[in-house]
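Since the structure comes first, as structure tokens, the remarks are kept for the end.
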Amino acid sequence: MNAQTPNAADDSWRIARVSLHVDSLVYTNGRQQAYVRLYIEAEYNFEPVKLTQSEKDSVRLIDYAKPEVEIPISEDGGERHRGWSAQRDFRGYEPHPGLGRRPDTTFAGGDYLEFYVDAAADALRAPLALAFRVTGDNKWTYRTDGYVLDPDGQEGPYNSRLDTGADKLVRAVTPPVYTPAEFRLGPSDTRGTGSSREGIFNEVHLLFLQPAASPGPTIRSMRCSPAGMIHWKNELPFTENPCFTGYASPGESEIHWDDRVPLGGQPLPLLDKVYPDHGVIMLCGRIDIPQPSGDDVPQADDELVPRGPVDIEVTDMYGNKHTCRLGFVTGTRDQLRFL
């Protein structure tokens with residue numbers, strides 16, 4: 001054993017310095033995370049030593065106001081304290097837009113550890129003041145509310161050097177709700193034949209969010225139900241030039257289609273590039289798809305040709321979910337609108 005590493009019966013090991021940074025805002029969507037960075041400087045016989053792996057594994061975030069309560073480590077958020085849970089792994093969502101720059105102060109000699117916390121709706125009741133605890137291999141536990149517990153769990157006197165403060169707060173924020181008017185479609189590329197889009201075409205529309213007077217968050221994922229729809233301008237039996245849709249989630253190279261949509265004689269289009277920050281609605285025009293006659297329409301509701309609208313659910317860069325409906329404008333061949 002290294003001479004500077006305490007054994008289980010040794011009380012010469014101690015925590016000499018601690019520091020704590022907590023992102024102060026997080027949306028209550030259970031996906032976005034507030035970043036938490038801990039600094040722990042341990043000593044053995046007054047010489048700096050690194051934490052052992054078991055000591056690192058012992059570190060837990062705790063409620064500063066109730067230090068006997070730890071914030072459950074739950075990667076999927078299934079276990080919570082007052083609506084809060086902790087994670088060791090980063091989910092990849094952007095931090096809350098109201099946060100300032102994170103501090104870049106660094107200390108030398110100790111160990112940095114990273115945690116994350118997320119929030120559910122119950123967390124709106126009150127902010128969470130965070131602290132942490134670490135237990136040494138000698139069974140002494142140090143809490144950053146300023147107290148040390150011996151191996152028998154007896155609490156010693158208050159030590160201000162170990163107190164990271166009651167101001168390390170994270171506050172839960174209700175996610176924004178976007179109206180259908182704040183969902184937008186922008187054309188990216190059109191390929192096909194015919195004039196005024198009366199012929200055959202395949203058109204990529206990029207779906208994005210644009211709140212009033214400000215750029216919106218980028219989109220992380222998207223799902224349409226059903227996957228697509230088809231629309232004829234009118235109900236005349238000789239109208240054979242409908243339009244239909246499919247979709248792709250951000251970053252996907254394949255388009256999702258609804259198998260119940262009749263396709264005609266043209267092959268389905270492919271995406272020639274991916275769009276990492278936008279959803280994709282593929283709008284296709286055809287000239288050889290008659291409307292189903294009464295005899296062709298199945299009786300089961302779930303087998304009917306889907307004529308729209310489609311329900312759209314997107315998750316943005318902050319982990320917030322937003323929903324709307326997309327349908328064709330009555331009396332037009334190819335115009336889409338959000339509902």
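Residues in the structure tokens are numbered from 1 in each chain, the chains being A, B, ... in the order shown, and ligands are numbered from 1 in the order shown.
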
What lies within 9 Å of Ser54 of chain A using only C-alpha atoms, ignoring chain neighbours under 6 positions off, as an MDAnalysis selection string?
chainID A and resid 135:137

I need the residues of segment 12-184 of chain A that end up classed as strand (DSSP E or B) by DSSP on the backbone, written out as a ChimeraX atom specification.
/A:13-22,25-27,34-44,47-49,60-63,66-70,73,81,84-87,111-119,128-135,141-143,145,147-149,155,163,169-173,183-184

Long-range neighbours of segment 124-131 of chain A as a PyMOL selection string, 10 Å cut-off, only C-alpha atoms, 5 positions minimum in chain:
chain A and resi 19-22+24-25+27-28+36+38+60-67+70-71+81-84+119+143-146+163-174

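Computed from the coordinates, the atom CA of Leu149 of chain A to atom CA of Phe107 of chain A distance equals 25.3 Å.
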
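Of the listed residues A:Gly319, A:Gly153, A:Pro175, A:Pro242, the one whose atoms come nearest to Met222 of chain A is A:Gly319, with distances taken using only C-alpha atoms.
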
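Compared by their closest atoms to Ile281 of chain A, and using only C-alpha atoms, the residues A:Lys321, A:His205, A:Arg184, A:Arg80 rank with A:His205 nearest.
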
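Minimum distance to Glu235 of chain A across A:Thr106, A:Thr52, A:Thr141, A:Thr330 (counting only C-alpha atoms) occurs at A:Thr330.
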
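Nearest to Ile73 of chain A of all the residues A:Glu43, A:Glu94, A:Tyr116, A:Pro250 is A:Tyr116, based on only C-alpha atoms.
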
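Atom CA of Cys284 of chain A is positioned 12.0 Å from atom CA of Leu336 of chain A.
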
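Among the candidates A:Asp23, A:Glu155, A:Asp259, A:Glu47, the one nearest to Phe115 of chain A when counting only C-alpha atoms is A:Asp23.
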